$ cat data_3.txt   # compact mmCIF, C-alpha atoms (C1' of nucleotides)
# COMPACT_ATOMS: atom_id res chain seq x y z
CA MET E 1 -3.58 33.18 -7.89
CA ALA E 2 -6.69 34.06 -6.01
CA LYS E 3 -8.55 31.42 -7.99
CA ALA E 4 -7.47 27.82 -8.14
CA GLN E 5 -5.58 26.97 -11.31
CA PHE E 6 -6.71 23.38 -11.52
CA ASP E 7 -10.11 21.88 -12.08
CA LYS E 8 -11.28 20.25 -8.88
CA GLU E 9 -13.61 17.88 -10.70
CA GLN E 10 -10.82 16.70 -12.93
CA VAL E 11 -8.69 15.96 -9.88
CA VAL E 12 -11.54 14.03 -8.29
CA ASP E 13 -11.94 12.05 -11.47
CA LYS E 14 -8.27 11.14 -11.66
CA THR E 15 -8.07 10.12 -8.02
CA LEU E 16 -11.32 8.19 -8.39
CA LYS E 17 -9.62 5.96 -10.91
CA LEU E 18 -6.73 5.33 -8.54
CA PHE E 19 -8.87 4.64 -5.48
CA TRP E 20 -11.34 2.52 -7.42
CA LYS E 21 -8.61 0.36 -8.86
CA GLN E 22 -6.33 0.01 -5.84
CA GLY E 23 -8.45 0.82 -2.81
CA PHE E 24 -7.80 3.33 -0.04
CA TYR E 25 -4.81 1.84 1.73
CA ALA E 26 -2.99 0.66 -1.37
CA THR E 27 -3.15 4.15 -2.85
CA SER E 28 -0.64 6.63 -1.46
CA MET E 29 -0.90 10.40 -1.58
CA GLN E 30 2.32 10.22 -3.59
CA ASN E 31 0.31 8.25 -6.13
CA VAL E 32 -2.26 11.03 -6.19
CA VAL E 33 0.47 13.67 -6.51
CA THR E 34 1.97 11.85 -9.47
CA GLU E 35 -1.36 11.18 -11.16
CA THR E 36 -2.65 14.74 -10.80
CA SER E 37 0.68 16.55 -11.26
CA LEU E 38 -0.20 18.71 -8.26
CA LYS E 39 1.88 19.42 -5.19
CA PRO E 40 0.82 18.00 -1.82
CA GLY E 41 -0.02 21.44 -0.47
CA SER E 42 -2.49 22.15 -3.25
CA ILE E 43 -4.29 18.88 -2.71
CA TYR E 44 -4.52 19.40 1.01
CA LEU E 45 -5.74 22.97 0.63
CA ALA E 46 -8.46 21.82 -1.75
CA PHE E 47 -9.59 18.64 0.00
CA GLY E 48 -8.23 18.63 3.55
CA SER E 49 -7.18 15.01 3.92
CA LYS E 50 -6.75 11.71 2.12
CA GLU E 51 -9.99 10.49 3.62
CA ALA E 52 -11.90 13.57 2.45
CA LEU E 53 -10.47 13.20 -1.04
CA PHE E 54 -11.48 9.56 -1.10
CA LYS E 55 -14.95 10.50 0.06
CA ALA E 56 -15.27 13.11 -2.69
CA ALA E 57 -14.26 10.49 -5.24
CA LEU E 58 -16.74 7.99 -3.81
CA GLU E 59 -19.51 10.57 -3.81
CA HIS E 60 -18.78 11.37 -7.43
CA TYR E 61 -18.84 7.69 -8.34
CA ALA E 62 -22.14 7.16 -6.54
CA GLN E 63 -23.80 10.16 -8.15
CA THR E 64 -22.66 9.10 -11.60
CA ASN E 65 -23.91 5.58 -11.00
CA LEU E 66 -27.31 6.63 -9.70
CA ALA E 67 -27.69 8.98 -12.66
CA GLN E 68 -26.81 6.22 -15.07
CA ILE E 69 -29.34 3.87 -13.54
CA ARG E 70 -32.04 6.52 -13.87
CA GLN E 71 -31.07 7.33 -17.42
CA THR E 72 -30.96 3.71 -18.53
CA ILE E 73 -34.33 2.84 -17.05
CA ASP E 74 -35.99 6.09 -18.17
CA SER E 75 -34.90 5.60 -21.74
CA ALA E 76 -36.07 1.99 -21.91
CA GLN E 77 -39.49 0.76 -23.00
CA SER E 78 -40.23 -0.53 -19.53
CA VAL E 79 -38.66 -0.72 -16.09
CA GLY E 80 -37.92 -4.39 -16.66
CA GLU E 81 -36.16 -3.78 -19.94
CA GLY E 82 -34.18 -0.96 -18.39
CA ILE E 83 -32.95 -3.27 -15.64
CA CYS E 84 -32.04 -5.89 -18.23
CA ASN E 85 -30.01 -3.31 -20.06
CA LEU E 86 -28.23 -2.33 -16.85
CA LEU E 87 -27.33 -5.94 -16.13
CA GLU E 88 -26.05 -6.41 -19.65
CA ASN E 89 -23.92 -3.30 -19.24
CA MET E 90 -22.42 -4.78 -16.10
CA ILE E 91 -21.59 -7.99 -17.92
CA GLU E 92 -19.90 -5.99 -20.65
CA GLN E 93 -17.89 -4.16 -18.00
CA ALA E 94 -16.79 -7.48 -16.56
CA GLU E 95 -15.58 -8.51 -20.00
CA GLN E 96 -13.25 -5.55 -20.23
CA THR E 97 -9.57 -6.04 -19.51
CA HIS E 98 -9.31 -3.44 -16.75
CA TYR E 99 -12.45 -4.50 -14.94
CA CYS E 100 -12.42 -3.40 -11.32
CA SER E 101 -15.82 -4.33 -9.91
CA CYS E 102 -17.88 -1.69 -8.10
CA PHE E 103 -16.19 1.05 -6.12
CA LEU E 104 -18.96 1.13 -3.50
CA ILE E 105 -18.76 -2.61 -2.86
CA LYS E 106 -14.99 -2.53 -2.66
CA THR E 107 -15.10 0.36 -0.22
CA GLN E 108 -17.70 -1.31 1.94
CA LEU E 109 -15.58 -4.43 2.18
CA GLU E 110 -12.36 -2.53 2.79
CA PHE E 111 -13.76 -0.48 5.66
CA ALA E 112 -16.26 -2.94 7.12
CA SER E 113 -14.13 -3.78 10.14
CA ALA E 114 -13.66 -0.18 11.26
CA LYS E 115 -17.37 0.57 10.77
CA GLY E 116 -16.29 4.19 10.47
CA ASP E 117 -17.38 7.05 8.32
CA LEU E 118 -16.44 5.64 4.93
CA TYR E 119 -18.11 2.31 5.62
CA GLN E 120 -21.38 4.01 6.52
CA PHE E 121 -21.09 6.27 3.51
CA ALA E 122 -20.63 3.40 1.06
CA SER E 123 -23.28 1.33 2.78
CA ASN E 124 -25.80 4.17 2.59
CA LYS E 125 -25.09 4.73 -1.07
CA LEU E 126 -25.70 1.06 -1.81
CA GLN E 127 -28.98 1.29 0.05
CA GLN E 128 -29.85 4.33 -2.06
CA VAL E 129 -29.30 2.23 -5.15
CA GLU E 130 -31.67 -0.41 -3.81
CA ALA E 131 -34.20 2.29 -2.89
CA LEU E 132 -33.99 3.64 -6.43
CA PHE E 133 -34.70 0.22 -7.92
CA ASN E 134 -37.52 -0.15 -5.45
CA SER E 135 -39.15 3.11 -6.50
CA TYR E 136 -39.00 2.09 -10.15
CA LEU E 137 -40.41 -1.36 -9.44
CA ARG E 138 -43.33 0.23 -7.62
CA TYR E 139 -44.63 1.29 -11.03
CA GLU E 140 -45.27 -2.35 -11.84
CA TYR E 141 -45.55 -4.17 -8.51
CA ASP E 142 -47.12 -3.71 -5.09
CA GLU E 143 -45.05 -2.59 -2.12
CA HIS E 144 -44.06 -6.03 -0.91
CA GLN E 145 -43.32 -7.40 -4.38
CA ALA E 146 -41.26 -4.36 -5.31
CA ALA E 147 -39.19 -4.52 -2.13
CA GLU E 148 -38.52 -8.21 -2.53
CA LYS E 149 -37.56 -7.84 -6.18
CA ALA E 150 -35.28 -4.88 -5.45
CA THR E 151 -33.42 -6.90 -2.82
CA SER E 152 -33.16 -9.90 -5.13
CA LEU E 153 -31.82 -7.64 -7.84
CA MET E 154 -29.17 -6.19 -5.52
CA LEU E 155 -28.21 -9.71 -4.47
CA HIS E 156 -27.59 -10.61 -8.09
CA ILE E 157 -25.74 -7.39 -8.83
CA PHE E 158 -23.43 -7.94 -5.86
CA GLY E 159 -22.80 -11.46 -7.06
CA LEU E 160 -22.13 -10.31 -10.59
CA ARG E 161 -19.75 -7.59 -9.42
CA VAL E 162 -17.65 -10.19 -7.62
CA TYR E 163 -18.03 -12.97 -10.16
CA GLY E 164 -16.98 -10.50 -12.88
CA TYR E 165 -13.34 -11.38 -12.27
CA GLN E 166 -13.88 -14.96 -13.47
CA THR E 167 -14.20 -13.93 -17.10
CA GLN E 168 -14.19 -17.42 -18.58
CA GLN E 169 -17.61 -18.30 -17.30
CA LEU E 170 -19.62 -15.16 -17.92
CA ASP E 171 -22.05 -16.99 -20.19
CA LYS E 172 -22.98 -19.27 -17.33
CA VAL E 173 -23.41 -16.17 -15.16
CA LYS E 174 -25.89 -14.82 -17.68
CA ALA E 175 -27.86 -18.02 -17.38
CA GLY E 176 -27.73 -17.72 -13.61
CA LEU E 177 -29.12 -14.19 -13.78
CA ARG E 178 -31.94 -15.31 -16.06
CA GLN E 179 -32.90 -18.05 -13.70
CA GLY E 180 -32.52 -15.93 -10.60
CA LEU E 181 -34.47 -12.99 -11.97
CA PRO E 182 -37.22 -14.74 -13.96
CA TRP E 183 -39.55 -11.74 -13.72
CA LEU E 184 -37.33 -9.69 -16.04
CA PRO E 185 -38.17 -9.51 -19.78
CA TRP E 186 -34.98 -11.20 -20.93
CA ASP E 187 -36.12 -12.19 -24.39
CA ASN E 188 -38.18 -9.42 -25.93
CA GLN E 189 -35.77 -6.69 -26.86
CA MET D 1 15.90 -23.62 21.17
CA ALA D 2 16.44 -25.98 18.32
CA LYS D 3 12.68 -26.41 18.14
CA ALA D 4 10.29 -23.49 17.81
CA GLN D 5 8.64 -22.53 21.07
CA PHE D 6 5.40 -21.35 19.53
CA ASP D 7 2.74 -23.23 17.63
CA LYS D 8 2.87 -22.18 14.00
CA GLU D 9 -0.77 -23.11 13.40
CA GLN D 10 -1.87 -21.00 16.31
CA VAL D 11 0.02 -18.03 14.91
CA VAL D 12 -1.57 -18.56 11.50
CA ASP D 13 -4.96 -18.70 13.15
CA LYS D 14 -4.44 -15.45 15.05
CA THR D 15 -3.13 -13.58 12.04
CA LEU D 16 -5.94 -15.01 9.92
CA LYS D 17 -8.40 -13.21 12.14
CA LEU D 18 -6.53 -9.94 11.71
CA PHE D 19 -6.12 -10.20 7.93
CA TRP D 20 -9.67 -11.43 7.40
CA LYS D 21 -11.11 -8.56 9.39
CA GLN D 22 -8.90 -5.71 8.20
CA GLY D 23 -7.37 -6.84 4.95
CA PHE D 24 -3.72 -6.97 3.93
CA TYR D 25 -2.78 -3.30 3.76
CA ALA D 26 -4.74 -2.19 6.81
CA THR D 27 -2.98 -4.82 8.93
CA SER D 28 0.55 -3.96 9.99
CA MET D 29 3.21 -6.39 11.10
CA GLN D 30 3.14 -4.47 14.37
CA ASN D 31 -0.48 -5.61 14.64
CA VAL D 32 0.66 -9.17 14.12
CA VAL D 33 3.45 -8.76 16.67
CA THR D 34 0.98 -7.48 19.25
CA GLU D 35 -1.65 -10.12 18.52
CA THR D 36 0.77 -13.05 18.61
CA SER D 37 3.08 -11.74 21.36
CA LEU D 38 6.01 -12.77 19.21
CA LYS D 39 9.00 -10.67 18.18
CA PRO D 40 9.41 -9.61 14.56
CA GLY D 41 12.45 -11.82 14.08
CA SER D 42 10.57 -14.96 15.09
CA ILE D 43 7.75 -14.24 12.69
CA TYR D 44 10.12 -13.58 9.82
CA LEU D 45 12.15 -16.68 10.52
CA ALA D 46 8.99 -18.79 10.52
CA PHE D 47 7.16 -17.24 7.57
CA GLY D 48 9.60 -15.12 5.56
CA SER D 49 7.47 -12.09 4.77
CA LYS D 50 4.16 -10.39 5.39
CA GLU D 51 2.90 -11.68 2.06
CA ALA D 52 3.89 -15.25 2.85
CA LEU D 53 2.20 -15.04 6.24
CA PHE D 54 -0.94 -13.70 4.61
CA LYS D 55 -0.83 -16.51 2.08
CA ALA D 56 -0.50 -19.11 4.83
CA ALA D 57 -3.53 -17.60 6.56
CA LEU D 58 -5.49 -17.57 3.31
CA GLU D 59 -4.55 -21.16 2.57
CA HIS D 60 -5.68 -22.20 6.02
CA TYR D 61 -8.97 -20.37 5.55
CA ALA D 62 -9.57 -21.98 2.16
CA GLN D 63 -8.78 -25.47 3.41
CA THR D 64 -11.09 -25.07 6.38
CA ASN D 65 -13.84 -23.77 4.14
CA LEU D 66 -13.55 -26.55 1.58
CA ALA D 67 -13.56 -29.11 4.37
CA GLN D 68 -16.65 -27.58 5.90
CA ILE D 69 -18.47 -27.64 2.58
CA ARG D 70 -17.64 -31.31 2.15
CA GLN D 71 -18.64 -32.15 5.69
CA THR D 72 -21.94 -30.31 5.50
CA ILE D 73 -22.98 -31.88 2.22
CA ASP D 74 -21.75 -35.34 3.16
CA SER D 75 -23.70 -35.37 6.37
CA ALA D 76 -26.94 -34.19 4.76
CA GLN D 77 -29.69 -36.38 3.35
CA SER D 78 -29.01 -35.10 -0.17
CA VAL D 79 -26.69 -32.74 -2.02
CA GLY D 80 -29.49 -30.21 -2.30
CA GLU D 81 -30.22 -30.26 1.41
CA GLY D 82 -26.53 -29.94 2.17
CA ILE D 83 -26.31 -26.84 0.02
CA CYS D 84 -29.39 -25.41 1.72
CA ASN D 85 -27.73 -25.95 5.07
CA LEU D 86 -24.59 -24.21 3.86
CA LEU D 87 -26.57 -21.19 2.69
CA GLU D 88 -28.42 -21.04 5.99
CA ASN D 89 -25.09 -21.14 7.80
CA MET D 90 -23.92 -18.18 5.76
CA ILE D 91 -27.04 -16.23 6.64
CA GLU D 92 -26.45 -16.97 10.28
CA GLN D 93 -22.89 -15.73 9.92
CA ALA D 94 -24.18 -12.50 8.40
CA GLU D 95 -26.42 -12.04 11.42
CA GLN D 96 -23.51 -12.10 13.80
CA THR D 97 -22.15 -8.83 15.11
CA HIS D 98 -18.61 -9.30 13.92
CA TYR D 99 -19.51 -10.48 10.44
CA CYS D 100 -16.67 -9.99 8.01
CA SER D 101 -17.79 -11.56 4.74
CA CYS D 102 -15.55 -14.09 3.01
CA PHE D 103 -11.79 -13.82 3.26
CA LEU D 104 -11.26 -15.14 -0.28
CA ILE D 105 -13.65 -12.62 -1.81
CA LYS D 106 -12.14 -9.75 0.16
CA THR D 107 -8.65 -10.78 -0.90
CA GLN D 108 -9.63 -11.10 -4.54
CA LEU D 109 -11.09 -7.60 -4.50
CA GLU D 110 -8.17 -6.10 -2.60
CA PHE D 111 -5.55 -7.48 -4.97
CA ALA D 112 -7.47 -7.48 -8.24
CA SER D 113 -5.67 -4.46 -9.66
CA ALA D 114 -2.19 -5.86 -9.16
CA LYS D 115 -3.21 -9.25 -10.62
CA GLY D 116 -0.29 -10.62 -8.66
CA ASP D 117 0.29 -13.77 -6.73
CA LEU D 118 -2.31 -13.29 -4.01
CA TYR D 119 -5.03 -12.40 -6.50
CA GLN D 120 -4.41 -15.57 -8.48
CA PHE D 121 -4.28 -17.59 -5.31
CA ALA D 122 -7.63 -16.31 -4.04
CA SER D 123 -9.18 -16.59 -7.48
CA ASN D 124 -8.06 -20.19 -7.85
CA LYS D 125 -9.41 -21.11 -4.45
CA LEU D 126 -12.80 -19.66 -5.34
CA GLN D 127 -12.76 -21.70 -8.53
CA GLN D 128 -11.96 -24.76 -6.44
CA VAL D 129 -15.06 -24.08 -4.39
CA GLU D 130 -17.14 -23.92 -7.55
CA ALA D 131 -15.53 -27.10 -8.84
CA LEU D 132 -16.39 -28.82 -5.58
CA PHE D 133 -20.03 -27.82 -5.86
CA ASN D 134 -19.95 -28.97 -9.45
CA SER D 135 -18.67 -32.41 -8.53
CA TYR D 136 -21.41 -32.83 -5.93
CA LEU D 137 -24.10 -31.66 -8.32
CA ARG D 138 -22.96 -34.23 -10.86
CA TYR D 139 -24.51 -36.89 -8.60
CA GLU D 140 -27.92 -35.48 -9.45
CA TYR D 141 -27.55 -33.61 -12.75
CA ASP D 142 -25.88 -34.00 -16.12
CA GLU D 143 -22.66 -32.19 -16.93
CA HIS D 144 -24.23 -29.07 -18.38
CA GLN D 145 -26.88 -28.75 -15.70
CA ALA D 146 -24.38 -29.28 -12.91
CA ALA D 147 -22.00 -26.65 -14.27
CA GLU D 148 -24.76 -24.11 -14.71
CA LYS D 149 -26.15 -24.72 -11.24
CA ALA D 150 -22.72 -24.52 -9.65
CA THR D 151 -22.10 -21.14 -11.26
CA SER D 152 -25.53 -19.89 -10.25
CA LEU D 153 -24.87 -21.03 -6.72
CA MET D 154 -21.55 -19.17 -6.63
CA LEU D 155 -23.26 -16.08 -7.96
CA HIS D 156 -25.72 -16.19 -5.09
CA ILE D 157 -23.05 -16.91 -2.52
CA PHE D 158 -20.99 -13.95 -3.71
CA GLY D 159 -24.08 -11.77 -3.51
CA LEU D 160 -24.92 -13.04 -0.06
CA ARG D 161 -21.37 -12.48 1.20
CA VAL D 162 -21.58 -8.83 0.17
CA TYR D 163 -25.21 -8.27 1.09
CA GLY D 164 -24.51 -9.75 4.50
CA TYR D 165 -23.51 -6.33 5.80
CA GLN D 166 -27.06 -5.03 5.36
CA THR D 167 -28.40 -6.98 8.29
CA GLN D 168 -31.85 -5.38 8.37
CA GLN D 169 -33.02 -7.04 5.21
CA LEU D 170 -31.71 -10.58 5.53
CA ASP D 171 -35.23 -12.02 5.38
CA LYS D 172 -35.69 -10.51 1.94
CA VAL D 173 -32.30 -11.97 0.98
CA LYS D 174 -33.59 -15.41 1.97
CA ALA D 175 -36.53 -14.91 -0.33
CA GLY D 176 -34.16 -13.84 -3.10
CA LEU D 177 -32.11 -16.99 -2.64
CA ARG D 178 -35.23 -19.16 -2.78
CA GLN D 179 -36.32 -17.54 -5.99
CA GLY D 180 -32.85 -17.56 -7.53
CA LEU D 181 -32.13 -21.16 -6.64
CA PRO D 182 -35.52 -22.82 -7.16
CA TRP D 183 -33.98 -26.24 -7.73
CA LEU D 184 -32.93 -26.49 -4.08
CA PRO D 185 -35.16 -28.37 -1.60
CA TRP D 186 -35.92 -25.34 0.55
CA ASP D 187 -39.02 -26.70 2.29
CA ASN D 188 -38.53 -30.38 3.04
CA GLN D 189 -36.07 -30.53 5.90
C1' DA L 1 30.21 -31.32 29.49
C1' DT L 2 31.13 -29.45 25.15
C1' DT L 3 30.09 -28.28 20.69
C1' DA L 4 26.87 -27.31 17.13
C1' DT L 5 22.50 -25.77 15.55
C1' DT L 6 18.50 -23.29 15.79
C1' DT L 7 15.49 -19.80 17.74
C1' DT L 8 14.54 -15.63 20.27
C1' DT L 9 15.36 -11.07 21.23
C1' DG L 10 14.47 -6.22 20.38
C1' DA L 11 16.81 -2.45 18.84
C1' DA L 12 18.13 -0.64 14.38
C1' DT L 13 17.32 0.30 9.44
C1' DA L 14 15.90 2.48 5.52
C1' DA L 15 11.93 3.37 3.07
C1' DT L 16 7.50 5.22 2.82
C1' DC L 17 3.52 7.26 4.85
C1' DA L 18 0.17 11.40 5.42
C1' DT L 19 0.59 15.95 6.41
C1' DT L 20 2.48 20.74 7.29
C1' DC L 21 4.38 25.21 6.50
C1' DA L 22 7.00 29.29 5.39
C1' DA L 23 8.19 31.48 1.42
C1' DA L 24 7.19 32.63 -3.36
C1' DA L 25 3.92 33.47 -6.90
C1' DA L 26 -0.34 34.89 -8.83
C1' DG L 27 -4.35 36.57 -8.77
C1' DT L 28 -8.00 40.61 -7.15
C1' DA L 29 -9.43 45.14 -5.32
C1' DG L 30 -8.92 49.93 -4.64
C1' DC Y 1 0.76 50.97 -8.93
C1' DT Y 2 -0.12 49.37 -4.23
C1' DA Y 3 -2.12 46.55 -0.81
C1' DC Y 4 -4.40 42.42 0.14
C1' DT Y 5 -5.87 37.64 -0.34
C1' DT Y 6 -5.45 33.22 -2.03
C1' DT Y 7 -2.85 29.51 -4.16
C1' DT Y 8 1.32 27.12 -5.31
C1' DT Y 9 5.58 25.35 -4.21
C1' DG Y 10 8.45 21.63 -2.53
C1' DA Y 11 11.26 20.68 1.11
C1' DA Y 12 10.67 19.21 5.83
C1' DT Y 13 8.26 16.68 9.51
C1' DG Y 14 7.40 13.05 12.47
C1' DA Y 15 5.08 8.87 12.52
C1' DT Y 16 4.73 4.33 10.75
C1' DT Y 17 6.05 0.82 7.52
C1' DA Y 18 8.26 -3.94 6.53
C1' DT Y 19 12.33 -6.06 7.38
C1' DT Y 20 17.08 -7.17 9.19
C1' DC Y 21 20.70 -8.62 12.20
C1' DA Y 22 24.12 -9.35 15.75
C1' DA Y 23 23.99 -10.96 20.17
C1' DA Y 24 21.91 -13.94 23.59
C1' DA Y 25 19.44 -17.96 24.82
C1' DA Y 26 17.89 -22.51 24.34
C1' DT Y 27 17.83 -26.98 22.63
C1' DA Y 28 20.09 -31.12 20.33
C1' DA Y 29 24.03 -33.91 19.21
C1' DT Y 30 28.35 -35.92 20.51
$ encode --input "data_3.txt" --output "structure tokens"
Amino acid sequence: MAKAQFDKEQVVDKTLKLFWKQGFYATSMQNVVTETSLKPGSIYLAFGSKEALFKAALEHYAQTNLAQIRQTIDSAQSVGEGICNLLENMIEQAEQTHYCSCFLIKTQLEFASAKGDLYQFASNKLQQVEALFNSYLRYEYDEHQAAEKATSLMLHIFGLRVYGYQTQQLDKVKAGLRQGLPWLPWDNQ
Amino acid sequence: MAKAQFDKEQVVDKTLKLFWKQGFYATSMQNVVTETSLKPGSIYLAFGSKEALFKAALEHYAQTNLAQIRQTIDSAQSVGEGICNLLENMIEQAEQTHYCSCFLIKTQLEFASAKGDLYQFASNKLQQVEALFNSYLRYEYDEHQAAEKATSLMLHIFGLRVYGYQTQQLDKVKAGLRQGLPWLPWDNQ
DNA sequence: ATTATTTTTGAATAATCATTCAAAAAGTAG
DNA sequence: CTACTTTTTGAATGATTATTCAAAAATAAT
């Protein structure tokens, strides 16, 4: 077996689900072994350590998310409508039974005290998301306006990602988003 | 020693700091033993289990927080000004070096997948906070308006508690709060 | 002072944790 | 087919985990 018999991406995807749902510390390598049907040695040869595996999963999540943001906004009639669509997607996610917030936010909170590698990684990715929104908003606003709106948008997304667990009141959350982000084209779609 | 030699509240307070900072899984009972200078047996006799100790710490945190909300609003000129003061306090907390967000939010996120006892506990406490805001807002708004504003406020607080880690851009966060909560008396104080 | 009750002590327990490694297997190259 | 390299296997490792418990110590009750 000079070539690996398993698909590394598939393993990352399966472990992503575990880590996303349960977090780093609550997920054991035994969990990963069971989920992937691999032996410990294979996992360690391919990824090196639990932390490295977690980081690979986080990286994959971040890339997917950034790509989805780009795709949603690019395929919309305007930047504003694209952002509206993104927010509505997030509300739909919160309505699902197995909702588990945002992996980047959860990671940032879990590792904030250590301020180590994974905290910085998650924090940087979140800043990349804000920078991406900022670059899109620059099409329609000046530098200062775009920066302020990008931050306000992130503030609301963070709030929504946490509030998502209180499923009974998501309609009121929608109203809160409308009021908090009045510059978005909420009606015309 | 028919009476305990240590102050139970003081132990709860010390472990609260540990759990708040690091979370449940990242904090070991050995950590608690070291921090409190107690022996394992004493801790288990007094609290029963790690989970029960965590719950006691969380309860203490929630009670303190609810009391502080009441006190801040009661001692302000109006409900709106009280809420403004609370939000400004939270921004100041985020500016501190050892900022560690909100213990209830962190707990909800850490235990969301299990949907067990601690998740429900944290979730309920957060709903109590919203209910408290709601009851205050009823002094100035009708039922529907108060409920909507309370939810919007929680949305912004959740966002702020997460965004707090990005300390460089807290001025933009302030602007986002102003825009998102335009019904608050931001200027006249 | 004596007995009874409760608390402290701190080593012990058994389970689980991340990780390693030598041997076996499976591929590739010549 | 042979020699070589890489991957898989899965038991073993040693550290750490939460928790327990019998013995000792300390207080309270009589």
$ closest_residue --input "data_3.txt" --among "E:Tyr44, E:Tyr25, E:Phe54, E:Phe111" --to "Val12 of chain E" --atoms "only C-alpha atoms"
E:Phe54
$ residues_around --input "data_3.txt" --residues "segment 4-16 of chain L" --least-positions-apart "6" --cutoff "10 Å" --atoms "all atoms listed in the file" --output "ChimeraX atom specification"
/E:28,30 /D:1-5,38-42,45-46 /Y:16-21,23-30
$ closest_atom_pairs --input "data_3.txt" --of "chain D" --to "chain E" --cutoff "7 Å" --atoms "all atoms listed in the file" --output "tab-separated table"
residue	atom	partner	partner_atom	distance
D:Lys21	CA	E:Ser113	CA	5.7
D:Gln22	CA	E:Ser113	CA	5.9
D:Gly23	CA	E:Glu110	CA	6.9
D:Tyr25	CA	E:Tyr25	CA	5.9
D:Ala26	CA	E:Tyr25	CA	6.5
D:Lys106	CA	E:Leu109	CA	6.6
D:Leu109	CA	E:Lys106	CA	6.7
D:Glu110	CA	E:Gly23	CA	6.9
D:Ser113	CA	E:Lys21	CA	5.7
D:Glu148	CA	E:Lys172	CA	5.8
D:Thr151	CA	E:Lys172	CA	6.4
D:Ser152	CA	E:Gly176	CA	4.6
D:Leu155	CA	E:Gly159	CA	4.7
D:His156	CA	E:Gly159	CA	5.9
D:Phe158	CA	E:Gly159	CA	4.5
D:Gly159	CA	E:Gly159	CA	3.8
D:Leu160	CA	E:Leu155	CA	6.4
D:Val162	CA	E:Phe158	CA	6.4
D:Tyr163	CA	E:Leu155	CA	6.5
D:Lys172	CA	E:Glu148	CA	5.8
D:Val173	CA	E:Thr151	CA	6.4
D:Gly176	CA	E:Ser152	CA	4.5
D:Gln179	CA	E:Gly180	CA	6.2
D:Gly180	CA	E:Gly180	CA	3.5
D:Leu181	CA	E:Gly180	CA	6.6
$ closest_atom_pairs --input "data_3.txt" --of "chain Y" --to "chain E" --cutoff "8 Å" --atoms "only C-alpha atoms (C1' of nucleotides)" --output "CSV"
residue,atom,partner,partner_atom,distance
Y:DT5,C1',E:Ala2,CA,6.8
Y:DT6,C1',E:Ala2,CA,4.3
Y:DT7,C1',E:Met1,CA,5.3
Y:DT8,C1',E:Ser42,CA,6.6
Y:DT9,C1',E:Lys39,CA,7.1
Y:DG10,C1',E:Lys39,CA,7.4
$ residues_around --input "data_3.txt" --residues "Ala62 of chain D" --least-positions-apart "3" --cutoff "9 Å" --atoms "all atoms listed in the file" --output "number ranges by chain"
D: 57-59, 65-67, 103-104, 122, 125-126, 129
$ build_atoms --input "data_3.txt" --residues "segment 57-68 of chain E" --atoms "N, CA and C atoms" --output "short mmCIF file (atom, residue, chain, number, x, y, z; two decimals), in the coordinates of the input"
data_model
loop_
_atom_site.label_atom_id
_atom_site.label_comp_id
_atom_site.auth_asym_id
_atom_site.auth_seq_id
_atom_site.Cartn_x
_atom_site.Cartn_y
_atom_site.Cartn_z
N ALA E 57 -14.29 11.38 -4.09
CA ALA E 57 -14.26 10.49 -5.24
C ALA E 57 -15.42 9.49 -5.18
N LEU E 58 -15.66 8.97 -3.99
CA LEU E 58 -16.74 7.99 -3.81
C LEU E 58 -18.10 8.64 -4.08
N GLU E 59 -18.27 9.82 -3.57
CA GLU E 59 -19.51 10.57 -3.81
C GLU E 59 -19.74 10.77 -5.31
N HIS E 60 -18.68 11.15 -5.99
CA HIS E 60 -18.78 11.37 -7.43
C HIS E 60 -19.16 10.08 -8.16
N TYR E 61 -18.54 9.00 -7.75
CA TYR E 61 -18.84 7.69 -8.34
C TYR E 61 -20.31 7.34 -8.11
N ALA E 62 -20.76 7.53 -6.89
CA ALA E 62 -22.14 7.16 -6.54
C ALA E 62 -23.14 8.00 -7.33
N GLN E 63 -22.89 9.28 -7.41
CA GLN E 63 -23.80 10.16 -8.15
C GLN E 63 -23.87 9.76 -9.62
N THR E 64 -22.71 9.52 -10.21
CA THR E 64 -22.66 9.10 -11.60
C THR E 64 -23.44 7.80 -11.80
N ASN E 65 -23.26 6.88 -10.88
CA ASN E 65 -23.91 5.58 -11.00
C ASN E 65 -25.43 5.70 -10.88
N LEU E 66 -25.87 6.44 -9.88
CA LEU E 66 -27.31 6.63 -9.70
C LEU E 66 -27.91 7.30 -10.94
N ALA E 67 -27.20 8.28 -11.46
CA ALA E 67 -27.69 8.98 -12.66
C ALA E 67 -27.79 8.03 -13.84
N GLN E 68 -26.81 7.16 -13.95
CA GLN E 68 -26.81 6.22 -15.07
C GLN E 68 -27.93 5.20 -14.96
#
